[in-house]
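**Student:** Got a structure for you, my_file_19.cif, holding mmCIF, C-alpha atoms.
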```cif
data_data
#
loop_
_atom_site.label_atom_id
_atom_site.label_comp_id
_atom_site.auth_asym_id
_atom_site.auth_seq_id
_atom_site.Cartn_x
_atom_site.Cartn_y
_atom_site.Cartn_z
CA MET A 3 26.35 -40.86 64.44
CA HIS A 4 29.16 -43.26 65.32
CA VAL A 5 29.45 -46.43 67.34
CA ASN A 6 30.77 -45.38 70.76
CA ILE A 7 33.57 -47.08 72.68
CA ALA A 8 31.17 -48.80 75.09
CA ALA A 9 29.31 -50.38 72.17
CA ALA A 10 32.57 -51.33 70.44
CA GLU A 11 33.86 -53.01 73.60
CA ALA A 12 30.55 -54.83 74.13
CA ALA A 13 30.66 -56.11 70.54
CA ILE A 14 34.22 -57.35 70.98
CA THR A 15 33.37 -59.06 74.27
CA ALA A 16 30.41 -60.89 72.71
CA ALA A 17 32.46 -61.82 69.65
CA ARG A 18 35.32 -63.16 71.83
CA LYS A 19 32.85 -65.26 73.78
CA ARG A 20 31.43 -66.78 70.58
CA ALA A 21 34.93 -67.41 69.20
CA SER A 22 35.84 -69.26 72.41
CA GLU A 23 32.65 -71.35 72.15
CA LEU A 24 33.68 -72.30 68.61
CA GLY A 25 37.23 -73.10 69.73
CA THR A 26 38.77 -70.47 67.44
CA LYS A 27 41.32 -67.68 67.85
CA MET A 28 40.16 -64.48 66.22
CA CYS A 29 41.11 -60.92 65.46
CA ILE A 30 38.12 -58.62 65.96
CA ALA A 31 37.91 -55.03 64.70
CA VAL A 32 35.21 -52.41 65.16
CA VAL A 33 35.19 -49.27 63.03
CA ASP A 34 32.98 -46.19 63.27
CA SER A 35 30.78 -44.90 60.46
CA GLY A 36 33.77 -43.11 58.94
CA ALA A 37 35.65 -46.44 58.74
CA ASP A 38 38.13 -45.35 61.41
CA LEU A 39 39.25 -48.05 63.84
CA LYS A 40 37.37 -47.69 67.13
CA ALA A 41 38.50 -50.87 68.94
CA PHE A 42 40.52 -53.98 68.18
CA TYR A 43 41.24 -57.26 69.94
CA ARG A 44 43.60 -60.05 68.93
CA MET A 45 43.00 -63.24 70.87
CA ASP A 46 46.11 -65.10 72.04
CA ASP A 47 47.54 -67.20 69.22
CA ALA A 48 45.32 -65.62 66.53
CA TRP A 49 47.11 -65.34 63.19
CA VAL A 50 49.06 -62.15 62.63
CA GLY A 51 47.74 -62.07 59.05
CA SER A 52 44.21 -61.87 60.41
CA ILE A 53 44.86 -58.44 61.93
CA ASP A 54 44.74 -56.67 58.56
CA ILE A 55 41.92 -58.88 57.27
CA ALA A 56 39.66 -58.15 60.27
CA ILE A 57 40.19 -54.41 59.93
CA LYS A 58 39.59 -54.49 56.17
CA LYS A 59 36.44 -56.59 56.61
CA ALA A 60 35.05 -53.97 59.00
CA LYS A 61 35.99 -51.12 56.66
CA THR A 62 34.51 -52.92 53.65
CA ALA A 63 31.21 -53.48 55.48
CA VAL A 64 30.93 -49.82 56.48
CA PHE A 65 32.05 -48.46 53.09
CA PHE A 66 29.20 -50.24 51.32
CA GLY A 67 26.68 -50.76 54.12
CA MET A 68 26.40 -54.49 53.56
CA PRO A 69 27.94 -57.74 54.76
CA THR A 70 31.26 -58.52 53.12
CA GLY A 71 29.94 -61.89 51.95
CA ASP A 72 27.21 -60.11 49.98
CA ILE A 73 29.83 -57.97 48.26
CA GLY A 74 31.72 -61.16 47.48
CA LYS A 75 28.73 -62.60 45.66
CA LEU A 76 28.52 -59.44 43.52
CA SER A 77 32.26 -59.31 42.82
CA GLN A 78 32.69 -62.70 41.17
CA PRO A 79 33.89 -62.79 37.53
CA GLY A 80 31.08 -61.49 35.38
CA GLY A 81 29.37 -59.87 38.39
CA PRO A 82 28.48 -56.17 38.59
CA LEU A 83 31.21 -55.46 41.17
CA PHE A 84 33.99 -57.60 39.68
CA GLY A 85 37.36 -56.14 40.73
CA ILE A 86 35.98 -53.99 43.56
CA GLU A 87 38.41 -55.58 46.04
CA HIS A 88 41.20 -53.54 44.42
CA SER A 89 39.59 -50.23 45.43
CA ASN A 90 39.94 -48.33 48.71
CA ASP A 91 43.44 -49.67 49.44
CA GLY A 92 42.09 -53.22 49.35
CA LEU A 93 38.73 -54.63 50.35
CA ILE A 94 37.83 -58.05 51.71
CA THR A 95 34.88 -59.62 49.91
CA PHE A 96 34.29 -62.83 51.81
CA PRO A 97 32.19 -63.29 55.00
CA GLY A 98 33.18 -61.92 58.39
CA GLY A 99 32.42 -58.21 58.05
CA LEU A 100 29.04 -56.80 59.07
CA PRO A 101 27.58 -53.30 59.33
CA ILE A 102 26.38 -52.11 62.73
CA VAL A 103 23.02 -50.36 62.42
CA ASP A 104 21.29 -48.59 65.31
CA GLU A 105 17.62 -48.77 66.29
CA ASP A 106 16.81 -45.90 63.90
CA GLY A 107 18.27 -47.77 60.92
CA VAL A 108 21.39 -45.59 60.82
CA LEU A 109 24.77 -47.11 59.94
CA VAL A 110 26.98 -46.35 62.96
CA GLY A 111 29.94 -48.63 62.27
CA ALA A 112 30.93 -52.16 61.42
CA ILE A 113 32.65 -55.23 62.81
CA GLY A 114 35.24 -57.38 61.07
CA VAL A 115 36.38 -60.80 62.23
CA SER A 116 39.15 -63.02 60.89
CA GLY A 117 40.96 -66.12 62.07
CA SER A 118 38.95 -69.19 61.13
CA SER A 119 36.66 -70.43 58.38
CA VAL A 120 34.49 -67.78 56.79
CA GLU A 121 31.47 -69.49 58.39
CA ASN A 122 33.00 -69.09 61.84
CA ASP A 123 34.16 -65.55 61.09
CA HIS A 124 30.58 -64.64 60.11
CA ALA A 125 29.10 -66.33 63.21
CA VAL A 126 31.49 -64.46 65.50
CA ALA A 127 30.74 -61.15 63.76
CA LEU A 128 27.00 -61.79 64.15
CA ALA A 129 27.48 -62.37 67.88
CA GLY A 130 29.27 -59.03 68.16
CA VAL A 131 26.63 -57.10 66.27
CA ALA A 132 23.74 -58.73 68.18
CA VAL A 133 24.59 -56.94 71.44
CA VAL A 134 24.82 -53.44 69.91
CA GLY A 135 22.34 -53.29 67.04
CA VAL A 136 21.50 -55.13 63.86
CA SER A 137 23.39 -55.73 60.62
CA ASP A 138 20.70 -54.88 58.05
CA LEU A 139 20.25 -51.36 56.70
CA PRO A 140 16.87 -50.23 55.42
CA ALA A 141 16.47 -50.57 51.65
CA HIS A 142 17.99 -47.78 49.56
CA PRO A 143 17.22 -47.12 45.88
CA TRP A 144 20.94 -47.04 44.97
CA ARG A 145 21.70 -50.49 46.30
CA THR A 146 22.64 -53.21 43.87
#
```
Before anything else, please render the file you have as structure tokens.
**Tutor:**
Amino acid sequence: MHVNIAAAEAAITAARKRASELGTKMCIAVVDSGADLKAFYRMDDAWVGSIDIAIKKAKTAVFFGMPTGDIGKLSQPGGPLFGIEHSNDGLITFPGGLPIVDEDGVLVGAIGVSGSSVENDHAVALAGVAVVGVSDLPAHPWRT
């Protein structure tokens, strides 16, 4: 199952609202469960460099079914995933990317946000996910 366009647009609208409340300019990407771009929005004056980062945050979150900040914790020097950011044509391993999980616990897509501090990026991504699902997958035995 994939996130549909209505859900992707709702997530972007909620994320844009939160970004405005925080006084930030963001790029917001939503990908489906296959990591293909479903919807994208670049707020006026958002950094051009944040376009690629937002998309890669969303892809990273869906590839591994976890928040990008969690992958970042595991990918520090000496960590079990050290160097993972070099895989898959480049991953982003700091906060701002979250899985989108439906009411049945199925990963249907992900959102990626870039354009401010990682704390703000994460808050804006959370706002987007909150209107279409949750960001936590059920436990799996293969997870780190």
**Student:** By how many Å are atom CA of Ala17 of chain A and atom CA of Trp49 of chain A apart?
**Tutor:**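 A separation of 16.4 Å between them.
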**Student:** If you count all atoms listed in the file, which residues fall within 6 Å of Pro69 of chain A, apart from same-chain ones fewer than 4 positions away, as a list in words?
**Tutor:**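 The neighbour list is Ala63, Gly99 and Leu100 of chain A.
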**Student:** Keeping C-alpha atoms, export the residues of the selection given above as a short mmCIF file (atom, residue, chain, number, x, y, z; two decimals), keeping the file's coordinate frame.
**Tutor:**
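Output file selection_29.cif follows:
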```
data_model
loop_
_atom_site.label_atom_id
_atom_site.label_comp_id
_atom_site.auth_asym_id
_atom_site.auth_seq_id
_atom_site.Cartn_x
_atom_site.Cartn_y
_atom_site.Cartn_z
CA ALA A 63 31.21 -53.48 55.48
CA GLY A 99 32.42 -58.21 58.05
CA LEU A 100 29.04 -56.80 59.07
#
```
**Student:** When the PyMOL selection byres ((chain A and resi 68) around 12) is applied to the structure above, which residues does it catch, written out as JSON, numbers by chain?
**Tutor:** {"A": [59, 60, 61, 62, 63, 64, 65, 66, 67, 69, 70, 71, 72, 73, 74, 75, 76, 95, 96, 97, 98, 99, 100, 101, 102, 103, 109, 111, 112, 113, 114, 136, 137, 138, 139, 140, 141, 142, 145, 146]}
**Student:** Those same residues - C-alpha atoms - I'd like them written as an mmCIF file, in the frame of the given file.
**Tutor:**
```
data_model
loop_
_atom_site.group_PDB
_atom_site.id
_atom_site.type_symbol
_atom_site.label_atom_id
_atom_site.label_comp_id
_atom_site.auth_asym_id
_atom_site.auth_seq_id
_atom_site.Cartn_x
_atom_site.Cartn_y
_atom_site.Cartn_z
ATOM 1 C CA LYS A 59 36.440 -56.590 56.610
ATOM 2 C CA ALA A 60 35.050 -53.970 59.000
ATOM 3 C CA LYS A 61 35.990 -51.120 56.660
ATOM 4 C CA THR A 62 34.510 -52.920 53.650
ATOM 5 C CA ALA A 63 31.210 -53.480 55.480
ATOM 6 C CA VAL A 64 30.930 -49.820 56.480
ATOM 7 C CA PHE A 65 32.050 -48.460 53.090
ATOM 8 C CA PHE A 66 29.200 -50.240 51.320
ATOM 9 C CA GLY A 67 26.680 -50.760 54.120
ATOM 10 C CA PRO A 69 27.940 -57.740 54.760
ATOM 11 C CA THR A 70 31.260 -58.520 53.120
ATOM 12 C CA GLY A 71 29.940 -61.890 51.950
ATOM 13 C CA ASP A 72 27.210 -60.110 49.980
ATOM 14 C CA ILE A 73 29.830 -57.970 48.260
ATOM 15 C CA GLY A 74 31.720 -61.160 47.480
ATOM 16 C CA LYS A 75 28.730 -62.600 45.660
ATOM 17 C CA LEU A 76 28.520 -59.440 43.520
ATOM 18 C CA THR A 95 34.880 -59.620 49.910
ATOM 19 C CA PHE A 96 34.290 -62.830 51.810
ATOM 20 C CA PRO A 97 32.190 -63.290 55.000
ATOM 21 C CA GLY A 98 33.180 -61.920 58.390
ATOM 22 C CA GLY A 99 32.420 -58.210 58.050
ATOM 23 C CA LEU A 100 29.040 -56.800 59.070
ATOM 24 C CA PRO A 101 27.580 -53.300 59.330
ATOM 25 C CA ILE A 102 26.380 -52.110 62.730
ATOM 26 C CA VAL A 103 23.020 -50.360 62.420
ATOM 27 C CA LEU A 109 24.770 -47.110 59.940
ATOM 28 C CA GLY A 111 29.940 -48.630 62.270
ATOM 29 C CA ALA A 112 30.930 -52.160 61.420
ATOM 30 C CA ILE A 113 32.650 -55.230 62.810
ATOM 31 C CA GLY A 114 35.240 -57.380 61.070
ATOM 32 C CA VAL A 136 21.500 -55.130 63.860
ATOM 33 C CA SER A 137 23.390 -55.730 60.620
ATOM 34 C CA ASP A 138 20.700 -54.880 58.050
ATOM 35 C CA LEU A 139 20.250 -51.360 56.700
ATOM 36 C CA PRO A 140 16.870 -50.230 55.420
ATOM 37 C CA ALA A 141 16.470 -50.570 51.650
ATOM 38 C CA HIS A 142 17.990 -47.780 49.560
ATOM 39 C CA ARG A 145 21.700 -50.490 46.300
ATOM 40 C CA THR A 146 22.640 -53.210 43.870
#
```
**Student:** Would you mind reading off the distance between atom CA of Asp34 of chain A and atom CA of Ala10 of chain A, one decimal, in Å?
**Tutor:**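 Distance between the two atoms: 8.8 Å.
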**Student:** Could you please determine the separation between atom CA of Thr15 of chain A and atom CA of Gly130 of chain A in Å, to one decimal place?
**Tutor:**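 Spanning atom CA of Thr15 of chain A to atom CA of Gly130 of chain A is a straight-line distance of 7.4 Å.
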**Student:** Take the PyMOL selection byres ((chain A and resi 22-32) around 7), run it mentally on this structure, and tell me the resulting residues as a PyMOL selection string.
**Tutor:** chain A and resi 10+14+18-21+33-34+39-48+52-53+56-57+60+112-118
**Student:** Segment 31-50 of chain A from the block above, N, CA and C atoms, as a JSON list (two decimals), in the first residue's frame, please?
**Tutor:**
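The result, written out as result-v1.json:
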```
[["chain", "number", "residue", "atom", "x", "y", "z"],
["A", 31, "ALA", "N", 9.00, 17.09, 1.29],
["A", 31, "ALA", "CA", 8.83, 16.01, 0.32],
["A", 31, "ALA", "C", 8.07, 14.86, 0.94],
["A", 32, "VAL", "N", 7.20, 14.25, 0.16],
["A", 32, "VAL", "CA", 6.51, 13.03, 0.56],
["A", 32, "VAL", "C", 6.80, 11.97, -0.50],
["A", 33, "VAL", "N", 7.25, 10.81, -0.04],
["A", 33, "VAL", "CA", 7.49, 9.68, -0.94],
["A", 33, "VAL", "C", 6.53, 8.55, -0.59],
["A", 34, "ASP", "N", 6.30, 7.67, -1.55],
["A", 34, "ASP", "CA", 5.47, 6.50, -1.29],
["A", 34, "ASP", "C", 6.32, 5.38, -0.72],
["A", 35, "SER", "N", 5.74, 4.22, -0.50],
["A", 35, "SER", "CA", 6.47, 3.13, 0.15],
["A", 35, "SER", "C", 7.60, 2.57, -0.71],
["A", 36, "GLY", "N", 7.61, 2.90, -1.99],
["A", 36, "GLY", "CA", 8.70, 2.51, -2.87],
["A", 36, "GLY", "C", 9.79, 3.57, -2.97],
["A", 37, "ALA", "N", 9.67, 4.62, -2.15],
["A", 37, "ALA", "CA", 10.61, 5.74, -2.11],
["A", 37, "ALA", "C", 10.54, 6.63, -3.35],
["A", 38, "ASP", "N", 9.44, 6.55, -4.08],
["A", 38, "ASP", "CA", 9.24, 7.43, -5.23],
["A", 38, "ASP", "C", 8.53, 8.70, -4.78],
["A", 39, "LEU", "N", 8.98, 9.83, -5.29],
["A", 39, "LEU", "CA", 8.41, 11.12, -4.90],
["A", 39, "LEU", "C", 6.93, 11.17, -5.25],
["A", 40, "LYS", "N", 6.10, 11.46, -4.27],
["A", 40, "LYS", "CA", 4.65, 11.56, -4.46],
["A", 40, "LYS", "C", 4.23, 13.02, -4.55],
["A", 41, "ALA", "N", 4.81, 13.88, -3.68],
["A", 41, "ALA", "CA", 4.47, 15.30, -3.69],
["A", 41, "ALA", "C", 5.64, 16.08, -3.10],
["A", 42, "PHE", "N", 5.76, 17.33, -3.53],
["A", 42, "PHE", "CA", 6.85, 18.18, -3.05],
["A", 42, "PHE", "C", 6.37, 19.62, -3.02],
["A", 43, "TYR", "N", 6.87, 20.36, -2.02],
["A", 43, "TYR", "CA", 6.54, 21.78, -1.92],
["A", 43, "TYR", "C", 7.76, 22.54, -1.41],
["A", 44, "ARG", "N", 8.14, 23.57, -2.13],
["A", 44, "ARG", "CA", 9.22, 24.45, -1.68],
["A", 44, "ARG", "C", 8.59, 25.80, -1.35],
["A", 45, "MET", "N", 8.65, 26.17, -0.07],
["A", 45, "MET", "CA", 8.11, 27.45, 0.35],
["A", 45, "MET", "C", 8.94, 28.57, -0.28],
["A", 46, "ASP", "N", 8.33, 29.72, -0.51],
["A", 46, "ASP", "CA", 9.06, 30.86, -1.05],
["A", 46, "ASP", "C", 10.26, 31.15, -0.17],
["A", 47, "ASP", "N", 11.39, 31.37, -0.80],
["A", 47, "ASP", "CA", 12.66, 31.71, -0.15],
["A", 47, "ASP", "C", 13.31, 30.55, 0.60],
["A", 48, "ALA", "N", 12.79, 29.35, 0.50],
["A", 48, "ALA", "CA", 13.47, 28.18, 1.10],
["A", 48, "ALA", "C", 14.75, 27.93, 0.31],
["A", 49, "TRP", "N", 15.78, 27.46, 0.98],
["A", 49, "TRP", "CA", 17.06, 27.21, 0.34],
["A", 49, "TRP", "C", 16.94, 26.19, -0.79],
["A", 50, "VAL", "N", 17.61, 26.46, -1.88],
["A", 50, "VAL", "CA", 17.65, 25.53, -3.00],
["A", 50, "VAL", "C", 18.31, 24.22, -2.58]]
```
